[in-house]
Structures are given as C-alpha cells and as structure tokens.
Amino acid sequence: MDHPTQLRLANQLLDLIDRNGTSLAASCSVNPVSSYTCPEHLGREQARLFRSGPLMVGLSCELSGPGAYLTDDLSGVPIVIIRLPEGGLNAVINVCRHRGARLLEGNGTLARSMTCPYHGWRYDLHGRLKKLVPADGFQGLGCAERDLTRLAVFEQHGLIWVSPSPGRAMEPLALLGGLNQEIAAYRFETFVLYRRLQLHRSFNWKMVIETFLENWHFPFVHRRTVLPNFLPSVSLFEAFDRHGRLIMPRRSILQMRDQPIEQWSLLKHSLIMYWLFPNTLLLWQADHLETWQVYPSQERPDRCTAQVSLYTPHAATSVREREYWDKNLALLIETVDGEDFAISERIQPGLRSGAQECLTFGRHEPALQHFHRQIQLALEEAPVSVG
Ligand code: FES
Ligand SMILES: [Fe+2]
C-alpha cells in the first residue's frame, strides 16, 4: 500500500473513531444454516469454488530456484508446482499418466526431471513424458500422448495462483482486480516463509474466514490477548470486485495525530486484511505478512483445514529474530486457535440443533456480508464447462 493511500485511509479511520462510527452495510442480511451443514451444498462449493479456482496457493519464495517444487492437496486435486529453469512456473496434476501413481511428495528441488516411483516413467520439468519404461512395452504409444496434465498457474506480485481443473484458463488482470496496484506495493515477491501450520478443525470452512472479518467480538473473546492492542468496534471496509479489504486500527493509531503527516504509517498502526476470493486471507501485521488458506474437507461440511503461514520481509538470521517471530506466532495461535476456533467448534453442533434457519449479519458487519454475498453469487452462476 503506497503512502498516499495510507494517508487517505488513515484519515477515514480517524474520522470514524472521532464519530464513534464504523463502516456499515446498507441493511442486515442472513445466510442459511444449511450452507454450513448440508453435504449437497458442500458439493456445489467444491465444484464452483475449490475445483475451478483460481486459488492463491502460496508466495514466490516457496519456489525460489530452478527445479524447486511444492505439492498441494488441499483443494482435493493433487497439484505440483515447479519453478522452471527459465524462471516461470509449471503446474501439473501430481498423477503419473501410466497407472496413476503419485509422483512427488512434500517439497524440494528437482535436478532436471521427475521419475515415477512405481515403474520409472520419466517426465521433464514441463511435465513432458521423456521416457517410457520398459521402452519396448508400449508399442504404438508415443511419449507425447502421455504428458502430465497441465493446470493454469500464474504468479503476480509474489502471489501464486492455480486453477485445479485442467483446461481452465486464468485471466491475470482479474486475479486481484482493483487491488492490483495496492498489493504490488507490498513487494511480497521479496518475502520469506518463516513457518507454516495446518490446523484440522471440526467446523465449516467459512467460519475460519468469518472469525477474521469483524472485530466486535474482541472485548468478549480476546480480552487477554489482542484487545489491549486494538480499538474494537471500529473498522474500515471496502469491496474490490469479489475481494475485500478490512482495516482494524491498533490503539497506537491515535499517536499519529502528534506526528507530522509524512511520518504517518497505517501499515504500522493497523491490521490490514485482504480477503481474496474464495478462501484466502492476507493479513498485514505491522511488520510481517500472515496468510490463511481455508479448505473444506472432501466429504464433511463440518470439517476444515486452515493453513496459516507467517512470512517475513527478510530471513531470520539471529536467535533474537527467531524469538521475535516465534512470539508473534505463539500469540497468533493462542488468539485464533485458542479463542476464535474454540467458539467455532461450539457453533457447529448448534447449527444442527434446529434453533434457526439462518444466521444474521448486522449492518456493522459489512465485510461478512460481502463475503457471503460473493460466495452465494458464485454458487448461483451457471457451471463453467471444462475442457
Ligand atoms: S504408474 Fe508411473 S510409471 Fe507406472
Ligand atoms: Fe477473533
């Protein structure tokens, strides 16, 4: 976020604080309880949101040199993304074209090719089959007929996006839409992954996103953890096409009034959150980036996996730096997993109780309303043909 944008938004926030105001939606809205509990609804979400993508799967630093690869299974499609020697990225389905063995595990670096662990078929980094094994066992079959199945992949401003369905094109300009320039200014392409955790929890995936998109619960849920750092009950929301940006001011924002305007830093004095459709959150946390990627279980609407990653502007090289980032991570887990997710775990059984048909979102929860509206709109869209 550039400085003129920080000043503009800081002034809007200070004005809201002075008026005891907050960003408001035009009216209340509701979301059916069945969207958290119904297996058929989960099936539609899988097809329209998670299988079609594009999904933000990580940052450029995770594929830093030629041959570096990562695997990702969270969408339900086993994906491999590989850094090509010429610098770009290749994404393929992690399934051998002989008899379907899984090709790669975890992450690492490939020299020039990948060899299937089952019978030794060999593919280059572009996913082109180079060697049939045994060579005389496949008469009439050419290598070109069994290349790995390619997926659309794109890297932009340090963010990597993949479409998990073969044959889907990706429109780079549409990925971030109106947030394009703002995200570019962070220079996430220079950031480094410090730590990543996967949390498997017993509630619907949308509740992970929900817990971040309002701060009205801070005085009730986070009294001991983050409430001392944040002004609750005030936030600034703006929708950007399908995405959204929500800013929660730290209490320290009030100090800016005593500083010359050139020194104002919204980045330092607020939590700046970007919800990237459909399942990703980027959280700018004063001096580092935290990302959340949330996926439903394949079968159950009441199970999800939340992947949290902490990225730093530079690699931590000293004990002191590592202690600092470890402390940040510990507070994050204590707050989100220990406090927010504990509430979500108790919400899920109540959704099946018959207490109500809908959950209600107030005017003061515009980010949540936008999130649910965009998900609902995507689910209503006609299915996109693949291939
Ligand atoms: S399944 Fe990969 S070589 Fe046979
Ligand atoms: Fe929270």
# chains A, B, ... in the order shown; residues from 1 in each chain; ligands from 1
>>> residues_around(residues="stretch 271-281 of chain A", least_positions_apart="2", cutoff="8 Å", atoms="only C-alpha atoms", output="JSON list (two decimals) with C-alpha atoms, in the first residue's frame")
[["chain", "number", "residue", "atom", "x", "y", "z"],
["A", 49, "LEU", "CA", -15.15, -22.56, -5.74],
["A", 55, "LEU", "CA", -6.88, -20.26, -5.72],
["A", 56, "MET", "CA", -3.96, -18.48, -4.07],
["A", 176, "LEU", "CA", -6.60, -9.18, -7.88],
["A", 209, "ILE", "CA", -12.96, -16.56, 7.25],
["A", 242, "ARG", "CA", -15.08, -10.28, -5.45],
["A", 243, "HIS", "CA", -12.37, -9.46, -2.88],
["A", 244, "GLY", "CA", -12.42, -7.11, 0.06],
["A", 245, "ARG", "CA", -10.18, -5.08, 2.36],
["A", 246, "LEU", "CA", -10.90, -4.63, 6.07],
["A", 247, "ILE", "CA", -8.75, -2.41, 8.29],
["A", 248, "MET", "CA", -8.80, -2.65, 12.07],
["A", 249, "PRO", "CA", -6.99, 0.18, 13.86],
["A", 250, "ARG", "CA", -4.48, -0.51, 16.61],
["A", 267, "LEU", "CA", 0.85, -0.17, 7.92],
["A", 269, "HIS", "CA", -0.79, 1.24, 13.29],
["A", 283, "LEU", "CA", -3.13, -10.10, 6.97],
["A", 284, "TRP", "CA", -0.63, -7.28, 7.08],
["A", 285, "GLN", "CA", 0.51, -7.33, 10.72],
["A", 286, "ALA", "CA", 2.55, -4.14, 11.12],
["A", 291, "THR", "CA", -1.79, -15.73, 5.29],
["A", 292, "TRP", "CA", -4.70, -18.08, 5.90],
["A", 293, "GLN", "CA", -5.91, -20.55, 3.29],
["A", 294, "VAL", "CA", -9.01, -22.45, 4.21],
["A", 295, "TYR", "CA", -10.37, -25.62, 2.65],
["A", 375, "ILE", "CA", -19.84, -16.89, -2.30]]
>>> select_by_dssp(residues="stretch 160-302 of chain A", states="alpha helix (DSSP H)", output="PyMOL selection string")
chain A and resi 172-176+180-184+206-212+218-221+266-269
>>> closest_atom_pairs(of="chain A", to="ligand 2", cutoff="7 Å", atoms="only C-alpha atoms and all ligand atoms", output="tab-separated table")
residue	atom	partner	partner_atom_place_in_ligand_line	distance
A:Thr211	CA	ligand 2	1 (Fe)	5.3
A:Phe212	CA	ligand 2	1 (Fe)	5.9
A:Asn215	CA	ligand 2	1 (Fe)	6.7
A:His217	CA	ligand 2	1 (Fe)	6.5
A:Phe218	CA	ligand 2	1 (Fe)	6.1
A:Val221	CA	ligand 2	1 (Fe)	6.8
A:His222	CA	ligand 2	1 (Fe)	6.7
A:Thr335	CA	ligand 2	1 (Fe)	6.8
A:Val336	CA	ligand 2	1 (Fe)	6.0
A:Glu339	CA	ligand 2	1 (Fe)	6.9
A:Asp340	CA	ligand 2	1 (Fe)	4.9
>>> closest_residue(among="A:Val319, A:Leu129, A:Val80, A:Leu175", to="ligand 1", atoms="only C-alpha atoms and all ligand atoms")
A:Leu129
>>> closest_residue(among="A:Tyr186, A:Tyr194, A:Phe371, A:Tyr118", to="A:Val208", atoms="only C-alpha atoms")
A:Phe371
>>> residues_near_ligand(ligand="ligand 1", cutoff="6 Å", atoms="only C-alpha atoms and all ligand atoms", output="list in words")
Cys96, His98, Arg99, Gly100, Ala101, Cys116, Tyr118, His119, Gly120 and Trp121 of chain A
>>> write_last_selection(atoms="N, CA and C atoms", output="PDB file, in the first residue's frame")
ATOM      1  N   CYS A  96       0.830 -39.851 -12.240  1.00  0.00           N
ATOM      2  CA  CYS A  96       1.527 -40.420 -13.400  1.00  0.00           C
ATOM      3  C   CYS A  96       0.516 -40.876 -14.455  1.00  0.00           C
ATOM      4  N   HIS A  98       0.892 -43.252 -16.527  1.00  0.00           N
ATOM      5  CA  HIS A  98       0.892 -44.688 -16.784  1.00  0.00           C
ATOM      6  C   HIS A  98      -0.279 -45.328 -16.055  1.00  0.00           C
ATOM      7  N   ARG A  99      -0.121 -45.535 -14.750  1.00  0.00           N
ATOM      8  CA  ARG A  99      -1.212 -46.148 -13.992  1.00  0.00           C
ATOM      9  C   ARG A  99      -1.560 -45.369 -12.734  1.00  0.00           C
ATOM     10  N   GLY A 100      -1.241 -44.072 -12.789  1.00  0.00           N
ATOM     11  CA  GLY A 100      -1.819 -43.178 -11.796  1.00  0.00           C
ATOM     12  C   GLY A 100      -1.065 -42.999 -10.497  1.00  0.00           C
ATOM     13  N   ALA A 101       0.185 -43.438 -10.412  1.00  0.00           N
ATOM     14  CA  ALA A 101       0.905 -43.265  -9.137  1.00  0.00           C
ATOM     15  C   ALA A 101       1.150 -41.783  -8.859  1.00  0.00           C
ATOM     16  N   CYS A 116       8.705 -41.394 -11.996  1.00  0.00           N
ATOM     17  CA  CYS A 116       7.622 -42.004 -11.228  1.00  0.00           C
ATOM     18  C   CYS A 116       8.168 -43.124 -10.347  1.00  0.00           C
ATOM     19  N   TYR A 118       6.769 -45.695  -9.278  1.00  0.00           N
ATOM     20  CA  TYR A 118       6.150 -47.016  -9.444  1.00  0.00           C
ATOM     21  C   TYR A 118       6.866 -47.858 -10.509  1.00  0.00           C
ATOM     22  N   HIS A 119       6.973 -47.341 -11.752  1.00  0.00           N
ATOM     23  CA  HIS A 119       7.649 -48.108 -12.813  1.00  0.00           C
ATOM     24  C   HIS A 119       8.692 -47.300 -13.563  1.00  0.00           C
ATOM     25  N   GLY A 120       8.946 -46.083 -13.095  1.00  0.00           N
ATOM     26  CA  GLY A 120      10.073 -45.337 -13.647  1.00  0.00           C
ATOM     27  C   GLY A 120       9.809 -44.478 -14.869  1.00  0.00           C
ATOM     28  N   TRP A 121       8.594 -44.227 -15.232  1.00  0.00           N
ATOM     29  CA  TRP A 121       8.369 -43.260 -16.317  1.00  0.00           C
ATOM     30  C   TRP A 121       8.990 -41.927 -15.887  1.00  0.00           C
TER      31      TRP A 121
END
>>> closest_residue(among="A:Leu125, A:Leu9, A:Val33, A:Val226", to="A:Pro66", atoms="only C-alpha atoms")
A:Leu125
>>> residues_around(residues="A:Arg352", least_positions_apart="4", cutoff="12 Å", atoms="only C-alpha atoms", output="PyMOL selection string")
chain A and resi 32-38+203+301-302+346-348+356-358
>>> residues_around(residues="A:Val57", least_positions_apart="5", cutoff="7 Å", atoms="only C-alpha atoms", output="list in words")
Ile160, Trp161 and Val162 of chain A
